[in-house]
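Enquirer: Would you mind keeping the following structure in view while I ask a few things?
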Amino acid sequence: MHAEPMSFDAAQLRLADKSGTLRAAQLNREARELEAEATRSLSLPQVNATVAYSKLERDYEVDVAPITGALNQAVGAIGGATGVKLPALPATLDYKYKNEGVRPILGFNWPLFTGGKISATQDLVAARTAEAGAEVRHTEEALTTQLVKYYYGLQLAEHAVAVRSAVLDALTQHLHQAERFEKTGLIARADRLHAQVAYDEAKRNLFKAQDDRALAQIALNRMLAATQDVVPSSPLFVRSAPVEPIETWTQHGLAAHPGLALLDAKRQQTAQLETIARSALLPEVFAFGTYQLNKEVLTPVEPDWIVGVGVRFTLFDRLDRSSMIAASQRQSAGVVAYTEQARDDIATLIEKRWRELEQARQRYLLLESSIALAKENVQLRERGFGEGLSTSLDLVDARLSLSRAEIDRAQAARDYVVALAELLEASGQSERFTEYAAHADIRIERPNPAAGRQP
């Protein structure tokens, strides 16, 4: 697999483009924004166009007795005078009305007063949008910290391979020298065997370091969805001076942590839910109207148009409205209590991360003297072994002490950058990681790629 050099900034951009977790959070935020857009016109009238086909038939019975009664008397008088019997007029008239056709109707309904339900609904959706935005920020910061662990963890593994490889090279030479000394009688067989054991252990340690590096490479490649091996080009770093005091970080964290922003959005949602629940106790005032476009299908008593104002008041609801208000109040109080606890937890976490960062910085600086001493000790033991003044055990111990100190220093540098990323995340400032990296005065460059070859 080919290598792909990549800076930390470039890795961040790639992660932002490839991360499914971040994309899901962004899509959720976009969905909430669209919901907020959809609720902006809730206070406007709703206009409907309805088209229906209808067929109706009705029998009418008209009472004409007051009229036909007098007529029947007159007809009877005429019949009696003329001797002609005339039929009596009926007391009722039957009439069958039929109508059939298409009915296109325009209508509107305009809420004039809803007890605050409309504005509360809009504010509720806006709060959900803010919550989704806070979730995106939280995801971005968590991914930045994870990337720091993988990106610089690979460099730590590369440093371990380089150190283990150097130790193996030195112990290989030491073993050859011990074998020659044993043949000439300068050292005992036990010293040569000790050199052999140290050489075998160095091979095992190198194999393990190479496996660790391969796993770290795979983890980084998969996190960035890379088809080629990602080669970190931004080195490990340490700032010799301490960062800002805890109070500064705590103040910023309590103002900018995305978790607190998320809780604030939830608090706003519970407040709007209470307003919506209270609105159910108030009447609704609305305007309404309809207009018939096809007047030919109207019955004689149907109007061409209607407009009016109405009031709707719910006298009995199957849902206990008072309990809903109380439930919203409990939710709001719960969010407030949780927020207070979260603020304490964030302050504690910031102090913990700050102290971890300071410990890693001091450990790195203090290891400089240990490495200098270990190098001097190796040189003395090498000369002593060549002159017969030191044993193989002394030389091997000196080399192992030097390798441990070098790996510990690389580990301290890696712990420093991880603690910095975690401190920035805890205070809501992960975007400042590259700023701190740029101002670092100590940089630990990647070892030679040729280091760590298979023994």
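In the structure tokens, chains take letters A, B, ... by order of appearance, with residues numbered from 1 within each chain and ligands from 1 in the order shown.
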For the contact check between region 73-164 of chain A and region 30-36 of chain A, emit one row per residue of region 73-164 of chain A within 6 Å, containing the shortest atom pair and the distance in Å rounded to one decimal, counting only C-alpha atoms, chain then rising number order, as CSV.

Expert:
```
residue,atom,partner,partner_atom,distance
A:Val125,CA,A:Ala36,CA,5.4
A:Ala126,CA,A:Ala36,CA,5.9
A:Thr129,CA,A:Arg32,CA,4.9
```

Enquirer: Running DSSP on the backbone, which parts of region 87-265 of chain A land in alpha helix (DSSP H), as a VMD selection string?

Expert: chain A and resid 117 to 183 189 to 223 246 to 256 258 to 265

Enquirer: Write a file of the just-selected residues containing C-alpha atoms, as a compact mmCIF listing (two decimals), in the first residue's frame.

Expert:
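Output below, filename again_22.txt:
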```
# COMPACT_ATOMS: atom_id res chain seq x y z
CA LYS A 117 -49.69 27.94 21.11
CA ILE A 118 -48.39 29.08 17.70
CA SER A 119 -45.48 31.16 18.98
CA ALA A 120 -44.60 28.46 21.52
CA THR A 121 -44.55 25.85 18.76
CA GLN A 122 -42.21 28.02 16.69
CA ASP A 123 -39.93 28.59 19.69
CA LEU A 124 -40.02 24.86 20.46
CA VAL A 125 -38.79 23.98 16.97
CA ALA A 126 -36.14 26.73 17.18
CA ALA A 127 -34.90 25.21 20.46
CA ARG A 128 -34.72 21.78 18.82
CA THR A 129 -32.66 23.34 16.04
CA ALA A 130 -30.28 24.80 18.63
CA GLU A 131 -30.05 21.39 20.27
CA ALA A 132 -29.13 19.78 16.94
CA GLY A 133 -26.47 22.46 16.41
CA ALA A 134 -25.00 21.73 19.85
CA GLU A 135 -24.93 18.02 18.98
CA VAL A 136 -22.97 18.79 15.81
CA ARG A 137 -20.44 20.80 17.82
CA HIS A 138 -20.18 18.04 20.41
CA THR A 139 -19.61 15.46 17.67
CA GLU A 140 -16.97 17.62 15.97
CA GLU A 141 -15.05 18.07 19.20
CA ALA A 142 -15.24 14.39 20.14
CA LEU A 143 -13.99 13.42 16.67
CA THR A 144 -11.11 15.90 16.93
CA THR A 145 -9.99 14.28 20.19
CA GLN A 146 -10.31 10.82 18.68
CA LEU A 147 -8.30 11.89 15.65
CA VAL A 148 -5.55 13.27 17.90
CA LYS A 149 -5.34 9.90 19.65
CA TYR A 150 -5.09 7.96 16.38
CA TYR A 151 -2.93 10.44 14.47
CA TYR A 152 -0.31 10.95 17.16
CA GLY A 153 -0.73 7.42 18.50
CA LEU A 154 0.64 6.17 15.18
CA GLN A 155 3.67 8.43 15.63
CA LEU A 156 4.24 7.05 19.14
CA ALA A 157 4.15 3.53 17.67
CA GLU A 158 6.67 4.59 15.01
CA HIS A 159 9.00 6.00 17.68
CA ALA A 160 8.70 2.74 19.63
CA VAL A 161 9.61 0.75 16.51
CA ALA A 162 12.59 3.02 15.83
CA VAL A 163 13.87 2.65 19.41
CA ARG A 164 13.34 -1.10 19.45
CA SER A 165 15.09 -1.39 16.09
CA ALA A 166 18.08 0.61 17.36
CA VAL A 167 18.25 -1.58 20.46
CA LEU A 168 18.21 -4.72 18.32
CA ASP A 169 20.99 -3.37 16.08
CA ALA A 170 23.11 -2.55 19.11
CA LEU A 171 22.46 -5.91 20.76
CA THR A 172 23.24 -7.70 17.49
CA GLN A 173 26.66 -6.09 17.47
CA HIS A 174 27.03 -6.83 21.17
CA LEU A 175 26.18 -10.50 20.61
CA HIS A 176 28.79 -10.80 17.82
CA GLN A 177 31.35 -9.14 20.06
CA ALA A 178 30.44 -11.45 22.95
CA GLU A 179 30.83 -14.50 20.72
CA ARG A 180 34.33 -13.37 19.69
CA PHE A 181 35.27 -12.63 23.31
CA GLU A 182 34.05 -16.06 24.39
CA LYS A 183 36.17 -17.76 21.74
CA ARG A 189 29.97 -18.56 28.50
CA ALA A 190 27.33 -17.14 30.84
CA ASP A 191 28.07 -13.62 29.62
CA ARG A 192 27.68 -14.72 26.02
CA LEU A 193 24.42 -16.49 26.86
CA HIS A 194 23.16 -13.36 28.56
CA ALA A 195 23.91 -11.40 25.37
CA GLN A 196 22.01 -14.05 23.38
CA VAL A 197 18.97 -13.81 25.69
CA ALA A 198 18.99 -10.01 25.46
CA TYR A 199 19.18 -10.23 21.66
CA ASP A 200 16.22 -12.65 21.49
CA GLU A 201 14.15 -10.43 23.80
CA ALA A 202 14.97 -7.39 21.65
CA LYS A 203 13.68 -9.27 18.58
CA ARG A 204 10.43 -10.08 20.38
CA ASN A 205 10.03 -6.47 21.50
CA LEU A 206 10.59 -5.23 17.95
CA PHE A 207 8.04 -7.67 16.55
CA LYS A 208 5.48 -6.47 19.10
CA ALA A 209 6.26 -2.80 18.36
CA GLN A 210 5.81 -3.46 14.64
CA ASP A 211 2.44 -5.13 15.28
CA ASP A 212 1.37 -2.17 17.41
CA ARG A 213 2.39 0.20 14.63
CA ALA A 214 0.43 -1.83 12.06
CA LEU A 215 -2.69 -1.72 14.22
CA ALA A 216 -2.29 2.02 14.78
CA GLN A 217 -1.92 2.48 11.01
CA ILE A 218 -5.06 0.47 10.32
CA ALA A 219 -7.05 2.45 12.91
CA LEU A 220 -6.01 5.80 11.40
CA ASN A 221 -6.63 4.63 7.83
CA ARG A 222 -10.12 3.42 8.67
CA MET A 223 -11.01 6.52 10.63
CA ILE A 246 -7.28 26.45 35.37
CA GLU A 247 -9.58 29.38 36.12
CA THR A 248 -9.35 30.63 32.53
CA TRP A 249 -10.21 27.22 31.11
CA THR A 250 -13.07 26.71 33.56
CA GLN A 251 -14.58 30.10 32.79
CA HIS A 252 -14.51 29.41 29.07
CA GLY A 253 -15.82 25.87 29.49
CA LEU A 254 -18.83 26.98 31.53
CA ALA A 255 -19.65 29.51 28.80
CA ALA A 256 -18.94 27.53 25.63
CA PRO A 258 -21.62 22.26 23.75
CA GLY A 259 -23.11 20.02 26.41
CA LEU A 260 -24.34 23.04 28.34
CA ALA A 261 -25.69 24.57 25.13
CA LEU A 262 -27.57 21.33 24.50
CA LEU A 263 -29.07 21.41 28.01
CA ASP A 264 -30.05 25.05 27.58
CA ALA A 265 -31.88 24.11 24.38
```

Enquirer: Taking into account only C-alpha atoms, which residue in the set A:Glu368, A:Asp317, A:Glu376, A:Asp397 is nearest to Arg409 (chain A)?

Expert: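 Counting only C-alpha atoms, the residue closest to Arg409 (chain A) is A:Glu368.
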
Enquirer: Determine which residues of region 218-356 of chain A receive a DSSP assignment of strand (DSSP E or B), computed from the backbone, and state them as number ranges by chain.

Expert: A: 229-232, 236-238, 284-292, 305-312

Enquirer: If we count only C-alpha atoms and set the cut-off at 9 Å, which residues sit around Lys352 (chain A), ignoring sequence neighbours fewer than 5 positions away in its own chain? Please answer as a list in words.

Expert: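 Contacts, in chain order: Ala347, Leu357 and Leu423 of chain A.
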
Enquirer: Which one of A:Gly289, A:Gly384, A:Pro232, A:Gly101 sits closest to Gln12 (chain A) if you count only C-alpha atoms?

Expert: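 Checking each of A:Gly289, A:Gly384, A:Pro232, A:Gly101 against Gln12 (chain A), counting only C-alpha atoms, the winner is A:Pro232.
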
Enquirer: Looking at A:Arg414, A:Arg58, A:Arg361, A:Arg278, which one is nearest to Pro242 (chain A), with distances taken over only C-alpha atoms?

Expert: A:Arg361

Enquirer: Looking at A:Gln228, A:Ser322, A:Ser332, A:Ser19, which one is nearest to Pro5 (chain A), with distances taken over only C-alpha atoms?

Expert: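 Using only C-alpha atoms, the shortest distance to Pro5 (chain A) belongs to A:Gln228.
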
Enquirer: Please list as a PyMOL selection string every residue within 8 Å of region 105-113 of chain A, counting only C-alpha atoms and excluding residues in the same chain fewer than 2 positions away.

Expert: chain A and resi 43-51+103+115-116+283-294

Enquirer: Write the residues you've just listed into a file as a CSV table (one decimal), in the first residue's frame, and include N, CA, C and O atoms for each of them.

Expert:
```csv
chain,number,residue,atom,x,y,z
A,43,SER,N,-49.0,31.3,11.7
A,43,SER,CA,-49.9,32.4,12.0
A,43,SER,C,-50.7,32.9,10.8
A,43,SER,O,-51.6,33.7,11.0
A,44,LEU,N,-50.4,32.4,9.6
A,44,LEU,CA,-51.1,32.9,8.4
A,44,LEU,C,-52.3,32.0,8.2
A,44,LEU,O,-52.4,30.9,8.7
A,45,PRO,N,-53.3,32.6,7.4
A,45,PRO,CA,-54.5,31.8,7.2
A,45,PRO,C,-54.2,30.6,6.3
A,45,PRO,O,-53.3,30.6,5.5
A,46,GLN,N,-55.0,29.5,6.6
A,46,GLN,CA,-54.9,28.3,5.7
A,46,GLN,C,-56.0,28.4,4.7
A,46,GLN,O,-57.2,28.5,5.0
A,47,VAL,N,-55.7,28.3,3.4
A,47,VAL,CA,-56.6,28.4,2.3
A,47,VAL,C,-56.7,27.0,1.7
A,47,VAL,O,-55.7,26.4,1.3
A,48,ASN,N,-57.9,26.6,1.5
A,48,ASN,CA,-58.2,25.2,0.9
A,48,ASN,C,-59.0,25.4,-0.4
A,48,ASN,O,-59.9,26.2,-0.5
A,49,ALA,N,-58.7,24.5,-1.3
A,49,ALA,CA,-59.6,24.4,-2.5
A,49,ALA,C,-60.1,23.0,-2.5
A,49,ALA,O,-59.3,22.0,-2.5
A,50,THR,N,-61.4,22.8,-2.6
A,50,THR,CA,-62.0,21.5,-2.5
A,50,THR,C,-62.9,21.3,-3.7
A,50,THR,O,-63.7,22.2,-4.1
A,51,VAL,N,-62.8,20.2,-4.4
A,51,VAL,CA,-63.6,19.8,-5.5
A,51,VAL,C,-64.3,18.5,-5.2
A,51,VAL,O,-63.7,17.5,-4.9
A,103,ARG,N,-68.8,20.4,-7.4
A,103,ARG,CA,-68.8,21.6,-6.5
A,103,ARG,C,-67.4,22.0,-6.2
A,103,ARG,O,-66.7,21.4,-5.3
A,115,GLY,N,-53.9,31.4,22.4
A,115,GLY,CA,-53.3,31.3,23.7
A,115,GLY,C,-51.8,31.1,23.8
A,115,GLY,O,-51.3,30.6,24.8
A,116,GLY,N,-51.2,31.5,22.7
A,116,GLY,CA,-49.7,31.4,22.7
A,116,GLY,C,-49.2,30.1,22.1
A,116,GLY,O,-48.0,29.9,22.1
A,283,PRO,N,-59.5,29.8,25.2
A,283,PRO,CA,-60.3,29.6,24.0
A,283,PRO,C,-59.5,30.0,22.8
A,283,PRO,O,-58.5,30.7,22.9
A,284,GLU,N,-59.9,29.5,21.7
A,284,GLU,CA,-59.3,29.8,20.4
A,284,GLU,C,-60.3,30.7,19.6
A,284,GLU,O,-61.5,30.4,19.5
A,285,VAL,N,-59.7,31.7,19.0
A,285,VAL,CA,-60.5,32.6,18.2
A,285,VAL,C,-60.0,32.5,16.7
A,285,VAL,O,-58.8,32.5,16.5
A,286,PHE,N,-60.9,32.4,15.8
A,286,PHE,CA,-60.5,32.1,14.4
A,286,PHE,C,-61.5,32.8,13.5
A,286,PHE,O,-62.7,33.0,13.8
A,287,ALA,N,-61.0,33.2,12.3
A,287,ALA,CA,-61.9,33.6,11.2
A,287,ALA,C,-62.0,32.5,10.2
A,287,ALA,O,-61.0,31.7,10.0
A,288,PHE,N,-63.1,32.5,9.5
A,288,PHE,CA,-63.3,31.4,8.5
A,288,PHE,C,-64.2,31.9,7.4
A,288,PHE,O,-64.8,33.0,7.5
A,289,GLY,N,-64.2,31.2,6.3
A,289,GLY,CA,-65.0,31.6,5.1
A,289,GLY,C,-64.9,30.5,4.0
A,289,GLY,O,-64.0,29.7,4.0
A,290,THR,N,-66.0,30.5,3.2
A,290,THR,CA,-66.1,29.6,2.0
A,290,THR,C,-66.7,30.4,0.9
A,290,THR,O,-67.5,31.3,1.1
A,291,TYR,N,-66.4,30.0,-0.3
A,291,TYR,CA,-66.9,30.6,-1.5
A,291,TYR,C,-67.2,29.5,-2.5
A,291,TYR,O,-66.3,28.7,-2.9
A,292,GLN,N,-68.5,29.4,-3.0
A,292,GLN,CA,-68.9,28.4,-4.0
A,292,GLN,C,-68.6,28.9,-5.4
A,292,GLN,O,-69.1,30.0,-5.8
A,293,LEU,N,-67.8,28.2,-6.2
A,293,LEU,CA,-67.4,28.7,-7.5
A,293,LEU,C,-68.5,28.2,-8.5
A,293,LEU,O,-68.6,28.9,-9.6
A,294,ASN,N,-69.2,27.2,-8.3
A,294,ASN,CA,-70.2,26.7,-9.3
A,294,ASN,C,-71.6,26.9,-8.6
A,294,ASN,O,-72.0,26.0,-7.8
```

Enquirer: Can you measure CA of Ser54 (chain A) to CA of Val102 (chain A) for me? One decimal in Å is fine.

Expert: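 For CA of Ser54 (chain A) relative to CA of Val102 (chain A), the distance reads 6.4 Å.
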